[in-house]
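Undergrad: Take this structure first; my questions come after.
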Amino acid sequence: MTKAVVLGGGFAGVLVAKVLSRHVDEVTVVEGGRYPAGPGIRTGLPQAFHSHVLVTAGAEALDSLLPGTLEALLARGAHRRGLPDGALILSADGWFRRHETGAFMVSCTRWLMDHVIRQRALADGAVTVRERTRVLGLVGDASRVTGVRVAGEDGSGETLRADLVVDATGRRSRAGRWLTEIGGPGVEEEVVDPGLAYSTRIYRAPPGLATDLPAIMVHPRPSSGRPGYGATLFPVEGGRWIFTLTGTRAARPPVDEPGFTDCARSLRSPIAAELLAAAEPLGGVRPFRATANRRRYFERLPLPDGFLVIGDALTAVNPVYSHGMSVALLGAVRLDRELAEHGARPSVLPAVQAAVAEVAGESWRMATEQDRVRAFAEGSGSAEGSGSGSAGGSGAAAGQRMRARVSQAVLSSPVLMTRLFRAQTLVPSREALPRPSDGRSVAPPLDTDEAVAQFPGLRDWWFSERGLQQPTPGREP
């Protein structure tokens, strides 16, 4: 009988357990907390109070692993928004026009996401969950992991023997220490920390806008050499919105209610602040600071047979890029494929580790390229930006001019826009990137009223509330 133990019963852990149940005889999940009966608060998950979305590749992976789950989430109140055809987005260089790209996001609370996936993944009874059980360390040696030491709620210790042990304990994983304790090598870790901070609040949406609101994103743009704030406003289940302000060390968003409201009003566009003024706050403002990109290179180690690290325990990117859950899903799909091809034997896992790490590579590259620019800009006193640049003098100026040229081209080119949003939602493409426009065919930029007018429901509210005349149609949306 082949046994597997999964450490961590969160998002990644439940998915991995479901995958393993297809390949081994017995699967046990070790979970430090207790699952709520419904879509409620789960201890040890402070990031769950903030915005969470699935992007295109992650949503498609979810339906391949657990068919019908995406439909179940939407039926429970999650929202699907195309990018940018279902999103009002103000980039550093202007408003995006609506355009169907095939890219999309699914937004709901993390509580609902976890609950629905947990229900469906564990429904067949093939996985046993041991709640309120703490991991103490691995059993085995540098050549083979044979189990895990755990402690129950009463503090009593126990050894769970297993052929396969998978660490899915997230950002705070202690897998590196566990390995050295049994004689294994130390793991190399890379951290890229731009110092990003969040502040988030939930609102009850006003009547008429609870379900039809586009996703709203306001990207930061510095002014007078100072970094700016960014914001997202996403519809979630229960007729609610989740609103998040973002900023760096030099401009952390406030956590007090008056400061939070004032900060929303200071954004480059008034759209979010005016929507929030019409909504009802539900609870206080919650901060979040643990946003560093962190990669542990377990795939470079001579790992012992029978041990695997997956999810945020392996590669965790800045949550602002909304990749975490989707990368976990892609990792679970890759694990399923590798085990189906090579079998679920302890000796297979070191090679599987490399395959799972590869899945997170593109997300890591995108996030760290952007965040290195962000961290450099703040550290050097330069303007914070969202594109590429160089390290000073005429090179920096040339880099900024190129970034602006490409960004303006993306705003008006359907081809470039499609490429951008499909890449950002982790949809792989081997097509050559078209050359940016030389500027002669660039469409004129949209102002806020014109950008809002692209979305009929929001347009009617926006102009009626402000007592303004709607713009005359004439520009291509």
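Letters A, B, ... go to the chains of the structure tokens in the order shown; residues in each chain start at 1; ligands are counted from 1 in the same order.
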Which residues are near range 345-356 of chain A? Cut-off 8 Å, only C-alpha atoms, ignore same chain within fewer than 3 positions. Put them as a list in words.
TA: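 The contact residues come out as Arg144, Asp163, Leu164, Phe298, Glu299, Arg300, Pro302, Leu303, Pro304, Asp305, Gly306, Phe307, Leu308, Val309, Ile310, Gly331, Arg334, Leu335, Glu338, His342, Val359 and Ala360 of chain A.
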Undergrad: I want to know what sits within 7 Å of Glu280 in chain A, based on only C-alpha atoms, with residues of the same chain fewer than 3 positions away left out; could you give that as a PyMOL selection string?
TA: chain A and resi 203-205
Undergrad: Next, write the just-selected residues to a file, as an mmCIF file, in the first residue's frame, keeping C-alpha atoms as the atom set.
TA:
data_model
loop_
_atom_site.group_PDB
_atom_site.id
_atom_site.type_symbol
_atom_site.label_atom_id
_atom_site.label_comp_id
_atom_site.auth_asym_id
_atom_site.auth_seq_id
_atom_site.Cartn_x
_atom_site.Cartn_y
_atom_site.Cartn_z
ATOM 1 C CA TYR A 203 -17.962 47.399 1.165
ATOM 2 C CA ARG A 204 -21.626 46.687 0.532
ATOM 3 C CA ALA A 205 -22.260 47.744 -3.061
#
Undergrad: With distances taken over only C-alpha atoms, which residue among A:Glu369, A:Glu153, A:Glu190, A:Glu237 lies nearest Arg132 in chain A?
TA: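 Once distances to Arg132 in chain A are computed over only C-alpha atoms, the minimum belongs to A:Glu153.
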Undergrad: Got a sec: who's within 6 Å of range 316-323 of chain A, counting only C-alpha atoms, leaving out chain neighbours fewer than 3 positions off, as a VMD selection string?
TA: chain A and resid 291 to 294 312 326 to 327
Undergrad: Write to file, as a PDB file, in the first residue's frame, the residues of the selection just made, with C-alpha atoms.
TA:
ATOM      1  CA  THR A 291       4.656  40.875  -0.142  1.00  0.00           C
ATOM      2  CA  ALA A 292       8.272  39.971  -0.921  1.00  0.00           C
ATOM      3  CA  ASN A 293       8.968  37.631  -3.834  1.00  0.00           C
ATOM      4  CA  ARG A 294      10.620  34.539  -2.380  1.00  0.00           C
ATOM      5  CA  ASP A 312       4.211  29.188  -2.086  1.00  0.00           C
ATOM      6  CA  SER A 326      -3.035  30.103 -10.331  1.00  0.00           C
ATOM      7  CA  VAL A 327       0.589  28.966 -10.047  1.00  0.00           C
TER       8      VAL A 327
END
Undergrad: Hey, which of A:Val53, A:Val166, A:Leu196, A:Ala215 ends up closest to Val14 in chain A? Count only C-alpha atoms.
TA: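 Of the candidates, the smallest distance to Val14 in chain A is held by A:Val166.
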Undergrad: Restricting the calculation to only C-alpha atoms, which member of A:Thr418, A:Thr246, A:Ser156, A:Ser412 is positioned closest to Leu233 in chain A?
TA: A:Thr246
Undergrad: From the options A:Pro428, A:Gly170, A:Pro414, A:Gly58, which residue's atoms come nearest to Asp85 in chain A, counting only C-alpha atoms?
TA: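 Of A:Pro428, A:Gly170, A:Pro414, A:Gly58, the one nearest Asp85 in chain A, counting only C-alpha atoms, is A:Pro414.
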Undergrad: Identify, on the basis of only C-alpha atoms, every residue whose closest approach to Arg252 in chain A does not exceed 10 Å; exclude the query and any residue fewer than 5 positions from it along the same chain; express the result as an MDAnalysis selection string.
TA: chainID A and resid 195:199 227:229 245:247 287 289
Undergrad: If you count only C-alpha atoms, which residues fall within 7 Å of Val6 in chain A, apart from same-chain ones fewer than 2 positions away, as number ranges by chain?
TA: A: 4, 8, 13, 17, 28-30, 165-168
Undergrad: Limited to C-alpha atoms, could you put the picked residues into a file as a PDB file, in the first residue's frame?
TA:
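Output file part-v9.pdb follows:
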ATOM      1  CA  ALA A   4       1.278   9.990   0.990  1.00  0.00           C
ATOM      2  CA  GLY A   8      -0.611  21.996   4.956  1.00  0.00           C
ATOM      3  CA  GLY A  13      -2.377  21.370  -0.053  1.00  0.00           C
ATOM      4  CA  ALA A  17      -3.940  15.834  -1.939  1.00  0.00           C
ATOM      5  CA  THR A  28      -3.436  12.200   4.703  1.00  0.00           C
ATOM      6  CA  VAL A  29      -3.425  15.999   5.002  1.00  0.00           C
ATOM      7  CA  VAL A  30      -1.846  17.516   8.113  1.00  0.00           C
ATOM      8  CA  VAL A 165       5.738  13.595   1.784  1.00  0.00           C
ATOM      9  CA  VAL A 166       4.720  16.885   0.112  1.00  0.00           C
ATOM     10  CA  ASP A 167       5.259  20.264   1.769  1.00  0.00           C
ATOM     11  CA  ALA A 168       2.461  22.723   0.895  1.00  0.00           C
TER      12      ALA A 168
END
Undergrad: Between A:Ala443, A:Ala344, A:Ile271, A:Ile182, which is the closest to Leu90 in chain A once you count only C-alpha atoms?
TA: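 Of all the options, A:Ile271 lies closest to Leu90 in chain A.
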Undergrad: Show which residues sit within 10 Å of Glu158 in chain A, as a ChimeraX atom specification. Count only C-alpha atoms, and ignore same-chain residues fewer than 5 positions away.
TA: /A:135-136,148-152
Undergrad: Include all heavy atoms and write out the residues we just selected as a PDB file, in the first residue's frame.
TA:
ATOM      1  N   VAL A 135       3.196  20.147  12.443  1.00  0.00           N
ATOM      2  CA  VAL A 135       4.339  19.420  11.897  1.00  0.00           C
ATOM      3  C   VAL A 135       5.576  19.745  12.734  1.00  0.00           C
ATOM      4  O   VAL A 135       5.907  20.913  12.941  1.00  0.00           O
ATOM      5  CB  VAL A 135       4.586  19.792  10.424  1.00  0.00           C
ATOM      6  CG1 VAL A 135       5.788  19.022   9.885  1.00  0.00           C
ATOM      7  CG2 VAL A 135       3.351  19.511   9.582  1.00  0.00           C
ATOM      8  N   LEU A 136       6.284  18.699  13.188  1.00  0.00           N
ATOM      9  CA  LEU A 136       7.501  18.873  13.976  1.00  0.00           C
ATOM     10  C   LEU A 136       8.759  18.683  13.140  1.00  0.00           C
ATOM     11  O   LEU A 136       9.791  19.302  13.414  1.00  0.00           O
ATOM     12  CB  LEU A 136       7.518  17.886  15.148  1.00  0.00           C
ATOM     13  CG  LEU A 136       6.349  17.981  16.132  1.00  0.00           C
ATOM     14  CD1 LEU A 136       6.479  16.904  17.193  1.00  0.00           C
ATOM     15  CD2 LEU A 136       6.288  19.361  16.766  1.00  0.00           C
ATOM     16  N   VAL A 148       6.798  11.750   8.663  1.00  0.00           N
ATOM     17  CA  VAL A 148       6.801  13.069   9.276  1.00  0.00           C
ATOM     18  C   VAL A 148       6.411  12.939  10.747  1.00  0.00           C
ATOM     19  O   VAL A 148       5.576  12.108  11.115  1.00  0.00           O
ATOM     20  CB  VAL A 148       5.837  14.020   8.522  1.00  0.00           C
ATOM     21  CG1 VAL A 148       4.420  13.481   8.516  1.00  0.00           C
ATOM     22  CG2 VAL A 148       5.864  15.417   9.101  1.00  0.00           C
ATOM     23  N   ARG A 149       7.046  13.744  11.578  1.00  0.00           N
ATOM     24  CA  ARG A 149       6.701  13.796  12.995  1.00  0.00           C
ATOM     25  C   ARG A 149       5.696  14.927  13.213  1.00  0.00           C
ATOM     26  O   ARG A 149       5.895  16.049  12.744  1.00  0.00           O
ATOM     27  CB  ARG A 149       7.937  14.034  13.855  1.00  0.00           C
ATOM     28  CG  ARG A 149       8.939  12.879  13.833  1.00  0.00           C
ATOM     29  CD  ARG A 149      10.126  13.152  14.747  1.00  0.00           C
ATOM     30  NE  ARG A 149      10.925  14.275  14.276  1.00  0.00           N
ATOM     31  CZ  ARG A 149      11.000  15.450  14.868  1.00  0.00           C
ATOM     32  NH1 ARG A 149      10.286  15.691  15.964  1.00  0.00           N
ATOM     33  NH2 ARG A 149      11.761  16.414  14.381  1.00  0.00           N
ATOM     34  N   VAL A 150       4.619  14.626  13.950  1.00  0.00           N
ATOM     35  CA  VAL A 150       3.566  15.610  14.181  1.00  0.00           C
ATOM     36  C   VAL A 150       3.192  15.626  15.654  1.00  0.00           C
ATOM     37  O   VAL A 150       3.525  14.714  16.410  1.00  0.00           O
ATOM     38  CB  VAL A 150       2.316  15.306  13.330  1.00  0.00           C
ATOM     39  CG1 VAL A 150       2.644  15.329  11.843  1.00  0.00           C
ATOM     40  CG2 VAL A 150       1.682  13.967  13.724  1.00  0.00           C
ATOM     41  N   ALA A 151       2.496  16.677  16.049  1.00  0.00           N
ATOM     42  CA  ALA A 151       1.970  16.792  17.406  1.00  0.00           C
ATOM     43  C   ALA A 151       0.500  17.152  17.333  1.00  0.00           C
ATOM     44  O   ALA A 151       0.103  18.035  16.558  1.00  0.00           O
ATOM     45  CB  ALA A 151       2.739  17.846  18.200  1.00  0.00           C
ATOM     46  N   GLY A 152      -0.308  16.461  18.114  1.00  0.00           N
ATOM     47  CA  GLY A 152      -1.731  16.742  18.143  1.00  0.00           C
ATOM     48  C   GLY A 152      -2.055  17.958  18.985  1.00  0.00           C
ATOM     49  O   GLY A 152      -1.166  18.610  19.553  1.00  0.00           O
TER      50      GLY A 152
END
Undergrad: Nearest to Asp93 in chain A among A:Leu160, A:Ala48, A:Ala409, A:Val192, with distances taken over only C-alpha atoms: which residue is it?
TA: A:Ala409
Undergrad: DSSP says strand (DSSP E or B) for which residues of range 194-377 of chain A? Put them as a PDB file with N, CA and C atoms, in the first residue's frame?
TA:
ATOM      1  N   ALA A 197       3.097  47.499   0.193  1.00  0.00           N
ATOM      2  CA  ALA A 197       2.179  47.342   1.320  1.00  0.00           C
ATOM      3  C   ALA A 197       0.744  47.499   0.824  1.00  0.00           C
ATOM      4  N   TYR A 198      -0.172  46.818   1.517  1.00  0.00           N
ATOM      5  CA  TYR A 198      -1.597  46.875   1.165  1.00  0.00           C
ATOM      6  C   TYR A 198      -2.394  47.463   2.328  1.00  0.00           C
ATOM      7  N   SER A 199      -3.538  48.028   1.984  1.00  0.00           N
ATOM      8  CA  SER A 199      -4.615  48.285   2.943  1.00  0.00           C
ATOM      9  C   SER A 199      -5.920  47.959   2.236  1.00  0.00           C
ATOM     10  N   THR A 200      -6.777  47.190   2.895  1.00  0.00           N
ATOM     11  CA  THR A 200      -7.981  46.661   2.239  1.00  0.00           C
ATOM     12  C   THR A 200      -9.216  46.850   3.119  1.00  0.00           C
ATOM     13  N   ARG A 201     -10.341  47.103   2.448  1.00  0.00           N
ATOM     14  CA  ARG A 201     -11.624  47.203   3.151  1.00  0.00           C
ATOM     15  C   ARG A 201     -12.724  46.618   2.275  1.00  0.00           C
ATOM     16  N   ILE A 202     -13.700  45.999   2.932  1.00  0.00           N
ATOM     17  CA  ILE A 202     -14.857  45.427   2.243  1.00  0.00           C
ATOM     18  C   ILE A 202     -16.021  46.426   2.308  1.00  0.00           C
ATOM     19  N   TYR A 203     -16.816  46.488   1.231  1.00  0.00           N
ATOM     20  CA  TYR A 203     -17.962  47.399   1.165  1.00  0.00           C
ATOM     21  C   TYR A 203     -19.187  46.662   0.661  1.00  0.00           C
ATOM     22  N   ARG A 204     -20.355  47.116   1.118  1.00  0.00           N
ATOM     23  CA  ARG A 204     -21.626  46.687   0.532  1.00  0.00           C
ATOM     24  C   ARG A 204     -21.902  47.578  -0.665  1.00  0.00           C
ATOM     25  N   ALA A 215     -14.267  45.185 -13.134  1.00  0.00           N
ATOM     26  CA  ALA A 215     -13.096  45.275 -12.259  1.00  0.00           C
ATOM     27  C   ALA A 215     -12.436  46.627 -12.517  1.00  0.00           C
ATOM     28  N   ILE A 216     -11.988  47.281 -11.473  1.00  0.00           N
ATOM     29  CA  ILE A 216     -11.380  48.608 -11.600  1.00  0.00           C
ATOM     30  C   ILE A 216      -9.951  48.542 -11.066  1.00  0.00           C
ATOM     31  N   MET A 217      -9.005  49.017 -11.871  1.00  0.00           N
ATOM     32  CA  MET A 217      -7.598  49.013 -11.481  1.00  0.00           C
ATOM     33  C   MET A 217      -6.997  50.369 -11.823  1.00  0.00           C
ATOM     34  N   VAL A 218      -6.365  50.979 -10.842  1.00  0.00           N
ATOM     35  CA  VAL A 218      -5.674  52.251 -11.033  1.00  0.00           C
ATOM     36  C   VAL A 218      -4.208  52.011 -10.698  1.00  0.00           C
ATOM     37  N   SER A 223       4.630  61.449  -9.191  1.00  0.00           N
ATOM     38  CA  SER A 223       4.571  62.872  -9.534  1.00  0.00           C
ATOM     39  C   SER A 223       5.533  63.607  -8.609  1.00  0.00           C
ATOM     40  N   ARG A 226       7.903  61.598  -6.414  1.00  0.00           N
ATOM     41  CA  ARG A 226       7.393  60.785  -5.302  1.00  0.00           C
ATOM     42  C   ARG A 226       6.578  59.620  -5.856  1.00  0.00           C
ATOM     43  N   GLY A 230      -1.519  52.869  -5.863  1.00  0.00           N
ATOM     44  CA  GLY A 230      -2.344  52.108  -6.784  1.00  0.00           C
ATOM     45  C   GLY A 230      -3.576  51.594  -6.055  1.00  0.00           C
ATOM     46  N   ALA A 231      -4.539  51.089  -6.814  1.00  0.00           N
ATOM     47  CA  ALA A 231      -5.760  50.603  -6.188  1.00  0.00           C
ATOM     48  C   ALA A 231      -6.460  49.598  -7.090  1.00  0.00           C
ATOM     49  N   THR A 232      -7.199  48.695  -6.460  1.00  0.00           N
ATOM     50  CA  THR A 232      -8.093  47.786  -7.178  1.00  0.00           C
ATOM     51  C   THR A 232      -9.433  47.751  -6.470  1.00  0.00           C
ATOM     52  N   LEU A 233     -10.481  47.651  -7.257  1.00  0.00           N
ATOM     53  CA  LEU A 233     -11.845  47.513  -6.737  1.00  0.00           C
ATOM     54  C   LEU A 233     -12.497  46.371  -7.499  1.00  0.00           C
ATOM     55  N   PHE A 234     -12.729  45.248  -6.810  1.00  0.00           N
ATOM     56  CA  PHE A 234     -13.264  44.057  -7.460  1.00  0.00           C
ATOM     57  C   PHE A 234     -14.598  43.674  -6.838  1.00  0.00           C
ATOM     58  N   PRO A 235     -15.566  43.242  -7.663  1.00  0.00           N
ATOM     59  CA  PRO A 235     -16.801  42.694  -7.106  1.00  0.00           C
ATOM     60  C   PRO A 235     -16.543  41.293  -6.551  1.00  0.00           C
ATOM     61  N   VAL A 236     -17.145  40.997  -5.411  1.00  0.00           N
ATOM     62  CA  VAL A 236     -17.078  39.657  -4.825  1.00  0.00           C
ATOM     63  C   VAL A 236     -18.491  39.210  -4.480  1.00  0.00           C
ATOM     64  N   ARG A 240     -20.991  42.494  -2.598  1.00  0.00           N
ATOM     65  CA  ARG A 240     -19.938  43.287  -1.952  1.00  0.00           C
ATOM     66  C   ARG A 240     -18.813  43.627  -2.925  1.00  0.00           C
ATOM     67  N   TRP A 241     -18.015  44.608  -2.521  1.00  0.00           N
ATOM     68  CA  TRP A 241     -16.792  44.965  -3.227  1.00  0.00           C
ATOM     69  C   TRP A 241     -15.626  44.821  -2.271  1.00  0.00           C
ATOM     70  N   ILE A 242     -14.469  44.492  -2.807  1.00  0.00           N
ATOM     71  CA  ILE A 242     -13.239  44.507  -2.025  1.00  0.00           C
ATOM     72  C   ILE A 242     -12.323  45.548  -2.649  1.00  0.00           C
ATOM     73  N   PHE A 243     -11.914  46.515  -1.831  1.00  0.00           N
ATOM     74  CA  PHE A 243     -11.107  47.637  -2.313  1.00  0.00           C
ATOM     75  C   PHE A 243      -9.750  47.615  -1.621  1.00  0.00           C
ATOM     76  N   THR A 244      -8.684  47.643  -2.409  1.00  0.00           N
ATOM     77  CA  THR A 244      -7.328  47.581  -1.879  1.00  0.00           C
ATOM     78  C   THR A 244      -6.495  48.735  -2.403  1.00  0.00           C
ATOM     79  N   LEU A 245      -5.844  49.436  -1.497  1.00  0.00           N
ATOM     80  CA  LEU A 245      -4.853  50.454  -1.836  1.00  0.00           C
ATOM     81  C   LEU A 245      -3.471  49.840  -1.710  1.00  0.00           C
ATOM     82  N   THR A 246      -2.571  50.175  -2.621  1.00  0.00           N
ATOM     83  CA  THR A 246      -1.200  49.679  -2.563  1.00  0.00           C
ATOM     84  C   THR A 246      -0.227  50.843  -2.611  1.00  0.00           C
ATOM     85  N   GLY A 247       0.894  50.649  -1.944  1.00  0.00           N
ATOM     86  CA  GLY A 247       1.964  51.647  -1.971  1.00  0.00           C
ATOM     87  C   GLY A 247       3.253  51.019  -1.501  1.00  0.00           C
ATOM     88  N   GLU A 280     -21.401  51.039   1.354  1.00  0.00           N
ATOM     89  CA  GLU A 280     -21.420  50.953   2.822  1.00  0.00           C
ATOM     90  C   GLU A 280     -20.200  50.163   3.311  1.00  0.00           C
ATOM     91  N   PRO A 281     -19.349  50.770   4.130  1.00  0.00           N
ATOM     92  CA  PRO A 281     -18.195  50.025   4.643  1.00  0.00           C
ATOM     93  C   PRO A 281     -18.649  48.876   5.543  1.00  0.00           C
ATOM     94  N   LEU A 282     -17.989  47.746   5.417  1.00  0.00           N
ATOM     95  CA  LEU A 282     -18.268  46.578   6.250  1.00  0.00           C
ATOM     96  C   LEU A 282     -16.978  46.203   6.983  1.00  0.00           C
ATOM     97  N   GLY A 283     -16.855  46.613   8.232  1.00  0.00           N
ATOM     98  CA  GLY A 283     -15.633  46.335   8.976  1.00  0.00           C
ATOM     99  C   GLY A 283     -14.579  47.388   8.731  1.00  0.00           C
ATOM    100  N   GLY A 284     -13.437  47.188   9.375  1.00  0.00           N
ATOM    101  CA  GLY A 284     -12.375  48.172   9.322  1.00  0.00           C
ATOM    102  C   GLY A 284     -11.390  47.935   8.196  1.00  0.00           C
ATOM    103  N   VAL A 285     -10.318  48.704   8.225  1.00  0.00           N
ATOM    104  CA  VAL A 285      -9.243  48.615   7.237  1.00  0.00           C
ATOM    105  C   VAL A 285      -8.205  47.619   7.737  1.00  0.00           C
ATOM    106  N   ARG A 286      -7.784  46.733   6.866  1.00  0.00           N
ATOM    107  CA  ARG A 286      -6.789  45.710   7.239  1.00  0.00           C
ATOM    108  C   ARG A 286      -5.506  45.921   6.435  1.00  0.00           C
ATOM    109  N   PRO A 287      -4.366  45.949   7.133  1.00  0.00           N
ATOM    110  CA  PRO A 287      -3.081  46.088   6.422  1.00  0.00           C
ATOM    111  C   PRO A 287      -2.488  44.730   6.075  1.00  0.00           C
ATOM    112  N   PHE A 288      -1.547  44.725   5.132  1.00  0.00           N
ATOM    113  CA  PHE A 288      -0.779  43.527   4.798  1.00  0.00           C
ATOM    114  C   PHE A 288       0.573  43.975   4.284  1.00  0.00           C
ATOM    115  N   ASN A 293       8.809  38.809  -2.975  1.00  0.00           N
ATOM    116  CA  ASN A 293       8.968  37.631  -3.834  1.00  0.00           C
ATOM    117  C   ASN A 293      10.022  36.732  -3.197  1.00  0.00           C
ATOM    118  N   ARG A 294       9.708  35.450  -3.070  1.00  0.00           N
ATOM    119  CA  ARG A 294      10.620  34.539  -2.380  1.00  0.00           C
ATOM    120  C   ARG A 294      10.666  33.211  -3.142  1.00  0.00           C
ATOM    121  N   ARG A 295      11.881  32.799  -3.530  1.00  0.00           N
ATOM    122  CA  ARG A 295      12.034  31.543  -4.263  1.00  0.00           C
ATOM    123  C   ARG A 295      13.073  30.674  -3.572  1.00  0.00           C
ATOM    124  N   ARG A 296      12.693  29.447  -3.287  1.00  0.00           N
ATOM    125  CA  ARG A 296      13.587  28.477  -2.664  1.00  0.00           C
ATOM    126  C   ARG A 296      13.924  27.422  -3.717  1.00  0.00           C
ATOM    127  N   ASP A 305      14.833  11.012  -1.721  1.00  0.00           N
ATOM    128  CA  ASP A 305      13.664  10.398  -2.348  1.00  0.00           C
ATOM    129  C   ASP A 305      12.462  10.553  -1.417  1.00  0.00           C
ATOM    130  N   PHE A 307      10.352  13.165  -1.124  1.00  0.00           N
ATOM    131  CA  PHE A 307      10.024  14.491  -0.602  1.00  0.00           C
ATOM    132  C   PHE A 307       9.870  15.484  -1.737  1.00  0.00           C
ATOM    133  N   LEU A 308       8.846  16.361  -1.621  1.00  0.00           N
ATOM    134  CA  LEU A 308       8.529  17.348  -2.649  1.00  0.00           C
ATOM    135  C   LEU A 308       8.036  18.617  -1.978  1.00  0.00           C
ATOM    136  N   VAL A 309       8.400  19.768  -2.537  1.00  0.00           N
ATOM    137  CA  VAL A 309       7.916  21.069  -2.067  1.00  0.00           C
ATOM    138  C   VAL A 309       7.146  21.721  -3.206  1.00  0.00           C
ATOM    139  N   THR A 315       7.823  28.717  -4.475  1.00  0.00           N
ATOM    140  CA  THR A 315       7.937  30.018  -5.137  1.00  0.00           C
ATOM    141  C   THR A 315       6.727  30.865  -4.775  1.00  0.00           C
ATOM    142  N   ALA A 316       6.973  31.990  -4.123  1.00  0.00           N
ATOM    143  CA  ALA A 316       5.892  32.902  -3.751  1.00  0.00           C
ATOM    144  C   ALA A 316       6.192  34.260  -4.362  1.00  0.00           C
TER     145      ALA A 316
END
Undergrad: Find the spatial neighbours of Arg81 in chain A, counting only C-alpha atoms, within a cut-off of 6 Å - ignore same-chain residues fewer than 2 positions away - and output them as a ChimeraX atom specification.
TA: /A:86,104-105
Undergrad: Range 27-162 of chain A: which residues are alpha helix (DSSP H) by DSSP, as a PyMOL selection string?
TA: chain A and resi 56-65+69-75+110-122
Undergrad: Provide the CA of Arg98 in chain A to CA of Arg221 in chain A distance in Å, to one decimal place.
TA: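 Rounded to one decimal, the two atoms are 21.4 Å apart.
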Undergrad: What's the separation between CA of Ala175 in chain A and CA of Ala367 in chain A, in Å to one decimal place?
TA: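 Between CA of Ala175 in chain A and CA of Ala367 in chain A the gap is 23.5 Å.
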Undergrad: What separation in Å, quoted to one decimal, exists between CA of Leu122 in chain A and CA of Gly239 in chain A?
TA: 28.1 Å
